[in-house]
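Here is the file coords39.cif (mmCIF, C-alpha atoms).
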```
data_final
loop_
_atom_site.label_atom_id
_atom_site.label_comp_id
_atom_site.auth_asym_id
_atom_site.auth_seq_id
_atom_site.Cartn_x
_atom_site.Cartn_y
_atom_site.Cartn_z
CA MET A 13 29.54 -3.70 -49.15
CA LEU A 14 29.36 -1.23 -46.25
CA ALA A 15 25.82 -2.41 -45.54
CA ALA A 16 26.75 -6.07 -45.54
CA PRO A 17 26.45 -7.89 -42.19
CA LEU A 18 29.68 -9.76 -42.83
CA LEU A 19 31.83 -6.63 -42.91
CA TRP A 20 30.64 -5.08 -39.63
CA LEU A 21 30.42 -8.39 -37.83
CA THR A 22 34.01 -9.21 -38.80
CA LEU A 23 35.25 -5.72 -37.93
CA THR A 24 33.50 -5.75 -34.53
CA ILE A 25 34.94 -9.09 -33.51
CA GLY A 26 38.33 -8.20 -35.03
CA VAL A 27 38.65 -4.87 -33.23
CA PHE A 28 37.43 -6.43 -30.00
CA GLU A 29 39.94 -9.29 -30.29
CA LEU A 30 42.76 -6.77 -30.79
CA PHE A 31 41.92 -4.93 -27.56
CA ASP A 32 41.15 -8.18 -25.77
CA THR A 33 44.74 -9.29 -26.46
CA ALA A 34 45.98 -5.97 -25.07
CA SER A 35 43.76 -6.47 -22.02
CA ARG A 36 45.18 -9.96 -21.45
CA ARG A 37 48.74 -8.58 -21.71
CA SER A 38 47.86 -5.96 -19.06
CA GLY A 39 46.85 -8.76 -16.68
CA ARG A 40 43.16 -7.82 -17.20
CA HIS A 41 43.53 -4.38 -15.71
CA PRO A 42 40.00 -2.81 -15.57
CA LEU A 43 41.18 0.28 -17.47
CA PHE A 44 42.10 -1.99 -20.39
CA HIS A 45 38.61 -3.47 -20.61
CA PRO A 46 38.26 -4.25 -24.33
CA VAL A 47 34.78 -2.69 -24.68
CA LEU A 48 36.14 0.60 -23.37
CA TRP A 49 38.58 0.77 -26.31
CA SER A 50 36.78 -1.05 -29.14
CA THR A 51 33.64 1.10 -28.82
CA PRO A 52 35.30 4.44 -29.73
CA VAL A 53 37.30 2.80 -32.54
CA LEU A 54 34.12 1.34 -34.08
CA ILE A 55 32.28 4.66 -33.65
CA GLY A 56 35.21 6.25 -35.50
CA LEU A 57 34.85 3.70 -38.32
CA LEU A 58 31.09 4.41 -38.60
CA LEU A 59 31.70 8.15 -38.76
CA ALA A 60 34.60 7.80 -41.22
CA THR A 61 32.54 5.68 -43.61
CA GLY A 62 29.34 7.67 -43.07
CA THR A 63 27.49 4.50 -42.02
CA PRO A 64 24.28 5.15 -40.06
CA TYR A 65 24.03 3.34 -36.72
CA ALA A 66 20.82 1.57 -37.83
CA ILE A 67 22.80 -0.25 -40.55
CA TYR A 68 25.56 -1.23 -38.13
CA LYS A 69 23.00 -2.36 -35.56
CA ALA A 70 21.21 -4.61 -38.05
CA ALA A 71 24.52 -6.02 -39.31
CA THR A 72 25.72 -6.98 -35.82
CA LEU A 73 22.41 -8.48 -34.71
CA PRO A 74 23.82 -12.05 -34.56
CA LEU A 75 26.19 -10.85 -31.81
CA SER A 76 23.56 -8.90 -29.83
CA PHE A 77 21.14 -11.81 -30.07
CA LEU A 78 23.44 -13.96 -27.90
CA LEU A 79 22.90 -11.59 -24.94
CA GLY A 80 19.47 -13.13 -24.21
CA PRO A 81 20.60 -16.76 -23.82
CA ALA A 82 23.67 -15.48 -21.92
CA VAL A 83 21.40 -13.79 -19.34
CA VAL A 84 19.29 -16.96 -19.00
CA GLY A 85 22.54 -18.87 -18.43
CA LEU A 86 23.23 -16.81 -15.29
CA ALA A 87 20.89 -19.34 -13.64
CA VAL A 88 23.85 -21.74 -13.62
CA PRO A 89 26.03 -19.83 -11.08
CA ILE A 90 22.93 -19.31 -8.90
CA TRP A 91 22.19 -23.04 -9.03
CA ALA A 92 25.85 -23.94 -8.38
CA GLU A 93 25.77 -21.92 -5.14
CA ARG A 94 22.39 -23.26 -3.94
CA VAL A 95 23.80 -24.83 -0.76
CA ARG A 96 25.43 -21.59 0.31
CA ILE A 97 22.31 -19.61 -0.66
CA ARG A 98 20.16 -21.80 1.59
CA ARG A 99 22.64 -21.58 4.47
CA LEU A 100 23.13 -17.82 4.19
CA ALA A 101 19.63 -16.93 2.98
CA VAL A 102 18.99 -14.14 5.48
CA PRO A 103 22.36 -12.33 5.15
CA ILE A 104 22.23 -12.64 1.36
CA ALA A 105 18.66 -11.31 1.16
CA LEU A 106 19.39 -8.37 3.48
CA ALA A 107 22.67 -7.37 1.79
CA LEU A 108 21.18 -7.76 -1.68
CA GLY A 109 18.10 -5.66 -0.86
CA ALA A 110 20.18 -2.95 0.79
CA GLY A 111 22.68 -2.88 -2.08
CA ALA A 112 20.06 -2.81 -4.85
CA VAL A 113 18.08 0.02 -3.22
CA THR A 114 21.24 2.02 -2.45
CA SER A 115 22.40 1.72 -6.05
CA ILE A 116 19.11 2.79 -7.62
CA VAL A 117 18.32 5.61 -5.17
CA SER A 118 21.81 7.14 -5.20
CA ALA A 119 22.26 7.03 -8.98
CA VAL A 120 18.75 8.24 -9.86
CA GLY A 121 18.76 10.75 -6.97
CA ILE A 122 21.95 12.48 -8.10
CA MET A 123 20.80 12.71 -11.74
CA ALA A 124 17.35 13.99 -10.66
CA LEU A 125 19.06 16.70 -8.56
CA LEU A 126 21.00 17.68 -11.68
CA GLY A 127 17.67 18.08 -13.49
CA ALA A 128 18.10 15.14 -15.88
CA PRO A 129 15.01 14.10 -17.87
CA HIS A 130 13.24 10.75 -17.59
CA ASP A 131 15.17 8.90 -20.32
CA ILE A 132 18.48 9.63 -18.54
CA LEU A 133 17.10 8.51 -15.15
CA ALA A 134 15.79 5.30 -16.73
CA SER A 135 19.21 4.68 -18.29
CA ILE A 136 21.17 4.99 -15.02
CA ALA A 137 18.63 3.27 -12.71
CA PRO A 138 19.77 -0.30 -13.56
CA ARG A 139 23.48 0.66 -13.46
CA ALA A 140 24.44 -2.13 -11.01
CA THR A 141 23.03 -4.97 -13.12
CA THR A 142 24.96 -6.89 -15.74
CA THR A 143 25.03 -5.01 -19.08
CA PRO A 144 22.44 -7.00 -21.08
CA VAL A 145 19.93 -6.76 -18.22
CA ALA A 146 20.61 -3.04 -17.80
CA MET A 147 20.04 -2.47 -21.53
CA ALA A 148 16.79 -4.42 -21.51
CA VAL A 149 15.51 -2.75 -18.32
CA ALA A 150 16.48 0.72 -19.53
CA GLY A 151 14.66 0.06 -22.79
CA GLN A 152 11.57 -1.11 -20.92
CA LEU A 153 11.55 2.00 -18.71
CA GLY A 154 11.91 4.44 -21.61
CA GLY A 155 15.66 4.92 -21.29
CA ILE A 156 18.50 4.70 -23.84
CA PRO A 157 20.01 1.16 -24.00
CA ALA A 158 23.34 2.36 -25.45
CA LEU A 159 23.73 4.88 -22.63
CA ALA A 160 22.83 2.22 -20.05
CA ALA A 161 25.46 -0.11 -21.54
CA VAL A 162 28.20 2.50 -21.23
CA ILE A 163 27.18 3.58 -17.72
CA VAL A 164 27.20 -0.05 -16.55
CA LEU A 165 30.58 -0.64 -18.14
CA PHE A 166 32.02 2.43 -16.44
CA ALA A 167 30.49 1.39 -13.09
CA GLY A 168 32.15 -2.01 -13.46
CA VAL A 169 35.56 -0.45 -14.11
CA VAL A 170 35.18 1.91 -11.12
CA GLY A 171 34.06 -0.92 -8.83
CA ALA A 172 36.83 -3.28 -9.91
CA MET A 173 39.51 -0.61 -9.40
CA ILE A 174 38.29 0.77 -6.09
CA ALA A 175 37.13 -2.42 -4.32
CA THR A 176 40.44 -3.58 -2.85
CA PRO A 177 41.58 -0.25 -1.32
CA LEU A 178 38.03 0.65 -0.20
CA LEU A 179 37.22 -2.68 1.47
CA ASP A 180 40.70 -2.78 3.04
CA ALA A 181 40.06 0.66 4.52
CA LEU A 182 36.80 -0.63 6.02
CA ARG A 183 38.74 -3.63 7.48
CA LEU A 184 36.42 -6.10 5.71
CA ARG A 185 38.54 -9.23 5.35
CA ASP A 186 35.92 -11.95 4.78
CA TYR A 187 36.19 -12.96 1.11
CA ARG A 188 32.50 -13.94 1.05
CA VAL A 189 31.59 -10.36 2.01
CA ARG A 190 34.11 -8.73 -0.33
CA GLY A 191 33.16 -10.86 -3.33
CA PHE A 192 29.42 -10.59 -2.87
CA ALA A 193 29.54 -6.80 -2.47
CA LEU A 194 31.68 -6.46 -5.59
CA GLY A 195 29.27 -8.60 -7.64
CA VAL A 196 26.25 -6.61 -6.46
CA ALA A 197 27.93 -3.22 -7.05
CA ALA A 198 29.96 -3.93 -10.19
CA HIS A 199 28.45 -7.02 -11.95
CA GLY A 200 30.63 -9.09 -14.32
CA ILE A 201 33.64 -6.77 -14.35
CA GLY A 202 33.62 -6.83 -10.55
CA ALA A 203 33.25 -10.62 -10.58
CA ALA A 204 36.21 -10.96 -12.96
CA ARG A 205 38.29 -8.89 -10.56
CA ALA A 206 37.09 -10.96 -7.59
CA PHE A 207 38.15 -14.20 -9.33
CA GLN A 208 41.68 -12.76 -9.71
CA VAL A 209 41.90 -12.27 -5.95
CA ASP A 210 40.25 -15.37 -4.49
CA PRO A 211 38.03 -18.26 -5.73
CA VAL A 212 35.46 -17.85 -2.92
CA ALA A 213 35.29 -14.11 -3.62
CA GLY A 214 34.77 -14.92 -7.31
CA ALA A 215 31.95 -17.40 -6.71
CA MET A 216 30.23 -14.98 -4.33
CA ALA A 217 30.65 -12.14 -6.83
CA SER A 218 29.04 -14.21 -9.63
CA LEU A 219 26.20 -14.99 -7.26
CA GLY A 220 25.82 -11.32 -6.28
CA MET A 221 25.78 -10.29 -9.95
CA ALA A 222 23.16 -12.90 -10.96
CA LEU A 223 20.88 -12.24 -7.98
CA ASN A 224 21.13 -8.46 -8.31
CA ALA A 225 20.16 -8.69 -11.99
CA VAL A 226 16.86 -10.24 -10.91
CA VAL A 227 16.27 -8.04 -7.84
CA THR A 228 17.10 -4.69 -9.49
CA ALA A 229 15.05 -5.55 -12.60
CA ALA A 230 12.12 -6.66 -10.42
CA LEU A 231 12.31 -3.56 -8.17
CA LEU A 232 12.43 -1.22 -11.15
CA SER A 233 9.56 -2.94 -12.94
CA VAL A 234 7.43 -2.60 -9.79
CA VAL A 235 8.36 1.09 -9.51
CA ALA A 236 7.55 1.54 -13.21
CA ALA A 237 4.15 -0.11 -12.75
CA PHE A 238 3.19 2.43 -10.06
CA THR A 239 4.48 5.61 -11.66
CA MET B 211 25.33 -29.22 -26.42
CA LEU B 212 22.33 -28.76 -28.67
CA ARG B 213 20.07 -29.69 -25.78
CA ALA B 214 21.65 -27.03 -23.59
CA ILE B 215 21.07 -24.43 -26.31
CA LEU B 216 17.48 -25.61 -26.66
CA LEU B 217 16.99 -25.32 -22.88
CA LEU B 218 18.38 -21.77 -22.79
CA LEU B 219 16.29 -20.66 -25.78
CA SER B 220 13.12 -22.33 -24.43
CA CYS B 221 13.49 -20.56 -21.08
CA GLN B 222 14.07 -17.24 -22.83
CA LEU B 223 11.08 -17.82 -25.10
CA ALA B 224 8.85 -18.71 -22.14
CA GLY B 225 10.17 -15.64 -20.29
CA GLU B 226 9.42 -13.48 -23.33
CA VAL B 227 5.83 -14.84 -23.49
CA ILE B 228 5.29 -14.13 -19.76
CA HIS B 229 6.78 -10.67 -20.27
CA ARG B 230 4.30 -9.88 -23.08
CA LEU B 231 1.30 -11.40 -21.32
CA THR B 232 1.86 -9.65 -17.97
CA GLY B 233 3.18 -6.36 -19.35
CA LEU B 234 5.89 -6.39 -16.65
CA ALA B 235 8.94 -4.21 -17.30
CA LEU B 236 11.02 -7.24 -16.21
CA PRO B 237 12.89 -8.33 -19.39
CA GLY B 238 12.01 -11.74 -20.84
CA ALA B 239 15.58 -13.01 -20.48
CA VAL B 240 15.57 -12.24 -16.73
CA ILE B 241 12.25 -14.11 -16.32
CA GLY B 242 13.88 -16.89 -18.35
CA MET B 243 16.79 -16.98 -15.88
CA VAL B 244 14.37 -17.46 -12.98
CA LEU B 245 12.51 -20.15 -14.96
CA LEU B 246 15.80 -21.98 -15.61
CA VAL B 247 16.66 -21.99 -11.88
CA GLY B 248 13.20 -23.50 -11.29
CA TRP B 249 13.77 -26.10 -14.02
CA LEU B 250 17.17 -27.09 -12.58
CA ALA B 251 15.50 -27.53 -9.17
CA LEU B 252 12.64 -29.61 -10.64
CA VAL B 253 14.83 -31.88 -12.76
CA PRO B 254 18.11 -32.20 -10.85
CA ARG B 255 20.88 -34.00 -12.71
CA GLU B 256 24.43 -33.40 -13.91
CA ARG B 257 24.41 -31.01 -16.86
CA PRO B 258 27.94 -30.66 -18.25
CA GLY B 259 26.58 -29.38 -21.58
CA LEU B 260 24.63 -26.57 -19.95
CA VAL B 261 27.59 -25.61 -17.74
CA ALA B 262 29.83 -25.50 -20.85
CA VAL B 263 27.42 -23.48 -23.03
CA SER B 264 26.41 -20.96 -20.36
CA GLY B 265 30.05 -20.68 -19.27
CA TRP B 266 31.10 -19.92 -22.86
CA LEU B 267 28.35 -17.31 -23.23
CA THR B 268 29.23 -15.61 -19.92
CA ALA B 269 32.93 -15.61 -20.78
CA HIS B 270 32.20 -13.79 -24.07
CA LEU B 271 29.54 -11.42 -22.77
CA ALA B 272 31.72 -8.36 -23.37
CA VAL B 273 31.93 -8.66 -27.17
CA MET B 274 28.15 -9.15 -27.37
CA PHE B 275 27.35 -5.71 -26.00
CA VAL B 276 29.82 -3.82 -28.15
CA PRO B 277 27.14 -3.22 -30.84
CA ALA B 278 24.87 -1.65 -28.20
CA ALA B 279 27.65 0.54 -26.80
CA VAL B 280 28.43 1.78 -30.33
CA GLY B 281 24.87 3.21 -30.27
CA LEU B 282 26.37 6.09 -28.27
CA VAL B 283 27.32 7.51 -31.67
CA ASP B 284 23.78 8.93 -31.82
CA GLU B 285 23.79 10.24 -28.23
CA GLY B 286 26.33 13.06 -28.54
CA ALA B 287 23.89 15.72 -27.30
CA VAL B 288 22.98 13.76 -24.17
CA LEU B 289 26.64 13.05 -23.39
CA SER B 290 27.83 16.63 -23.75
CA ARG B 291 24.96 17.88 -21.56
CA TYR B 292 24.91 15.19 -18.84
CA GLY B 293 28.22 13.34 -19.30
CA LEU B 294 29.98 14.81 -16.24
CA GLY B 295 26.91 14.32 -14.06
CA LEU B 296 26.60 10.71 -15.20
CA VAL B 297 30.26 10.07 -14.37
CA ALA B 298 29.82 11.57 -10.87
CA ALA B 299 26.53 9.75 -10.21
CA THR B 300 27.98 6.42 -11.38
CA VAL B 301 31.12 6.73 -9.22
CA VAL B 302 29.17 7.78 -6.09
CA SER B 303 26.52 5.12 -6.60
CA THR B 304 29.08 2.34 -7.18
CA VAL B 305 31.11 3.26 -4.06
CA LEU B 306 27.99 3.56 -1.86
CA THR B 307 26.60 0.24 -3.13
CA LEU B 308 29.89 -1.55 -2.41
CA VAL B 309 30.10 -0.14 1.12
CA VAL B 310 26.42 -0.66 2.05
CA THR B 311 26.26 -4.21 0.63
CA ALA B 312 29.50 -5.23 2.38
CA LEU B 313 28.59 -3.69 5.75
CA VAL B 314 25.04 -5.12 5.78
CA PHE B 315 26.34 -8.54 4.71
CA ARG B 316 29.02 -8.60 7.43
CA TRP B 317 26.56 -7.48 10.10
CA ALA B 318 23.93 -10.06 8.99
CA LEU B 319 26.51 -12.87 8.90
CA LEU B 320 27.48 -12.16 12.51
CA ARG B 321 23.85 -11.83 13.54
CA PHE B 322 22.23 -14.75 11.63
CA ALA B 323 25.03 -17.17 10.66
CA PRO B 324 27.78 -16.76 13.28
CA GLY B 325 29.25 -20.28 12.92
CA ASP B 326 29.40 -20.25 9.12
CA GLU B 327 32.83 -20.12 7.57
CA ALA B 328 33.99 -19.46 4.03
#
```

Written as structure tokens, that's how I'd like the structure from this file.
Amino acid sequence: MLAAPLLWLTLTIGVFELFDTASRRSGRHPLFHPVLWSTPVLIGLLLATGTPYAIYKAATLPLSFLLGPAVVGLAVPIWAERVRIRRLAVPIALALGAGAVTSIVSAVGIMALLGAPHDILASIAPRATTTPVAMAVAGQLGGIPALAAVIVLFAGVVGAMIATPLLDALRLRDYRVRGFALGVAAHGIGAARAFQVDPVAGAMASLGMALNAVVTAALLSVVAAFT
Amino acid sequence: MLRAILLLLSCQLAGEVIHRLTGLALPGAVIGMVLLVGWLALVPRERPGLVAVSGWLTAHLAVMFVPAAVGLVDEGAVLSRYGLGLVAATVVSTVLTLVVTALVFRWALLRFAPGDEA
């Protein structure tokens, strides 16, 4: 029974739904992100029942499988913004390149200074991309996908919480700029926050998230090919 | 609906094949995303099914990566050794990325697209 896919699949969606309701009640506050709360509860259930992660992983495969098509589907927000992309091609390319490089270099640089081994560096390098891309890239580079997932999630929460006060302090009022930066720095959680504030900011954040997934993954695969 | 699912899966499959053939570290799904943008450009038409399916998938992304996050159960040693460093590196990197992206974007808008308005 404990090895049956049905049990863990039902529990995972059930626990998630519970915290998702709480998150909705909180007005989608980043600190109430449902993954942040359902993950420790499910880890507790695995430990309490003595279920090895490999069993849980196999049982919840139908859920994880959907990540691939979901990533492919990010083409839709890119396509929807094609007019703006063409019009703002140069600013978008420059900001995206600068943001992607800053994210990788600062995250990997700090961990390297702390003496972290390769698998940790590979897990934090894609931290600005959307979670499924980060997991796949981390796996490709010899990192730990689970660690990458949690780092990315945390980065999203930090970005979503800090964006408004930080960008206000810098006197950046243009919602195109604010949204795009939040999508590049804090992926889907940032984009969700941007949509709460302003529709243009939300669309630009989705665009920033989708484009940065491609750019960061491409940059890291080039780096990996030459190291 | 079924056609949209077929399109998404076909792009992912093609991306996966390119990934294996070239040995790039770029994940197959990301290559698939680029292929889908190319396909939408080649065959432009209204695609309400695709918008609905991809919208549903994106809206429920969070629950799909819960199983991966639960994998942390086996990473206790890594977390106790590098957890604090990872928190610090993630916070610093996120703040820097936000600031640099926003400042470069604002500067480039003024320099290259001064008349453009949101």

Quiz item: So how far away is CA of Val53 (chain A) from CA of Leu23 (chain A), in Å?
Solution: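 About the pair CA of Leu23 (chain A) and CA of Val53 (chain A): they are 10.3 Å apart.
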
task = Would you list the contacts of region 95-110 of chain A as a PyMOL selection string, taking every protein, DNA or RNA residue within 10 Å and counting all atoms listed in the file, but skipping same-chain residues closer than 5 positions in sequence?
result = (chain A and resi 90+115+189+192-193+196-197+216+219-221+223-224+227-228+231) or (chain B and resi 307+310-323+326+328)

Can you translate the PyMOL selection byres ((chain B and resi 236) around 10) into the concrete residues it hits in this file, as a CSV table (one decimal) with C-alpha atoms, in the frame of the given file?
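Listed below is the output, expr.csv:
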```csv
chain,number,residue,atom,x,y,z
A,145,VAL,CA,19.9,-6.8,-18.2
A,148,ALA,CA,16.8,-4.4,-21.5
A,149,VAL,CA,15.5,-2.8,-18.3
A,152,GLN,CA,11.6,-1.1,-20.9
A,153,LEU,CA,11.6,2.0,-18.7
A,226,VAL,CA,16.9,-10.2,-10.9
A,227,VAL,CA,16.3,-8.0,-7.8
A,228,THR,CA,17.1,-4.7,-9.5
A,229,ALA,CA,15.0,-5.6,-12.6
A,230,ALA,CA,12.1,-6.7,-10.4
A,231,LEU,CA,12.3,-3.6,-8.2
A,232,LEU,CA,12.4,-1.2,-11.2
A,233,SER,CA,9.6,-2.9,-12.9
A,234,VAL,CA,7.4,-2.6,-9.8
A,236,ALA,CA,7.6,1.5,-13.2
B,225,GLY,CA,10.2,-15.6,-20.3
B,226,GLU,CA,9.4,-13.5,-23.3
B,228,ILE,CA,5.3,-14.1,-19.8
B,229,HIS,CA,6.8,-10.7,-20.3
B,230,ARG,CA,4.3,-9.9,-23.1
B,232,THR,CA,1.9,-9.6,-18.0
B,233,GLY,CA,3.2,-6.4,-19.4
B,234,LEU,CA,5.9,-6.4,-16.6
B,235,ALA,CA,8.9,-4.2,-17.3
B,237,PRO,CA,12.9,-8.3,-19.4
B,238,GLY,CA,12.0,-11.7,-20.8
B,239,ALA,CA,15.6,-13.0,-20.5
B,240,VAL,CA,15.6,-12.2,-16.7
B,241,ILE,CA,12.2,-14.1,-16.3
```

Straight-line distance linking CA of Leu245 (chain B) with CA of Phe207 (chain A), stated in Å to one decimal |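 Separation of CA of Leu245 (chain B) and CA of Phe207 (chain A): 26.9 Å.
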
**OP:** Within 9 Å of Tyr292 (chain B), counting all atoms listed in the file, which residues show up once you throw out same-chain ones fewer than 3 positions away? Write them as a PyMOL selection string, please.
**Re:** (chain A and resi 123+126+128+132) or (chain B and resi 287-289+295-297)

For the structure shown, which residues end up in the PyMOL selection byres ((chain B and resi 277) around 10)? Put them as a tab-separated table (two decimals) with C-alpha atoms, in the frame of the given file, please?
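Once written, out19.tsv looks like this:
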```tsv
chain	number	residue	atom	x	y	z
A	20	TRP	CA	30.64	-5.08	-39.63
A	21	LEU	CA	30.42	-8.39	-37.83
A	24	THR	CA	33.50	-5.75	-34.53
A	47	VAL	CA	34.78	-2.69	-24.68
A	51	THR	CA	33.64	1.10	-28.82
A	54	LEU	CA	34.12	1.34	-34.08
A	55	ILE	CA	32.28	4.66	-33.65
A	65	TYR	CA	24.03	3.34	-36.72
A	68	TYR	CA	25.56	-1.23	-38.13
A	69	LYS	CA	23.00	-2.36	-35.56
A	70	ALA	CA	21.21	-4.61	-38.05
A	71	ALA	CA	24.52	-6.02	-39.31
A	72	THR	CA	25.72	-6.98	-35.82
A	73	LEU	CA	22.41	-8.48	-34.71
A	75	LEU	CA	26.19	-10.85	-31.81
A	76	SER	CA	23.56	-8.90	-29.83
A	158	ALA	CA	23.34	2.36	-25.45
A	161	ALA	CA	25.46	-0.11	-21.54
B	273	VAL	CA	31.93	-8.66	-27.17
B	274	MET	CA	28.15	-9.15	-27.37
B	275	PHE	CA	27.35	-5.71	-26.00
B	276	VAL	CA	29.82	-3.82	-28.15
B	278	ALA	CA	24.87	-1.65	-28.20
B	279	ALA	CA	27.65	0.54	-26.80
B	280	VAL	CA	28.43	1.78	-30.33
B	281	GLY	CA	24.87	3.21	-30.27
B	282	LEU	CA	26.37	6.09	-28.27
```

| field | Interatomic distance (Å, one decimal) between CA of Gly200 (chain A) and CA of Ser220 (chain B) | value |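 Separation between CA of Gly200 (chain A) and CA of Ser220 (chain B): 24.2 Å.
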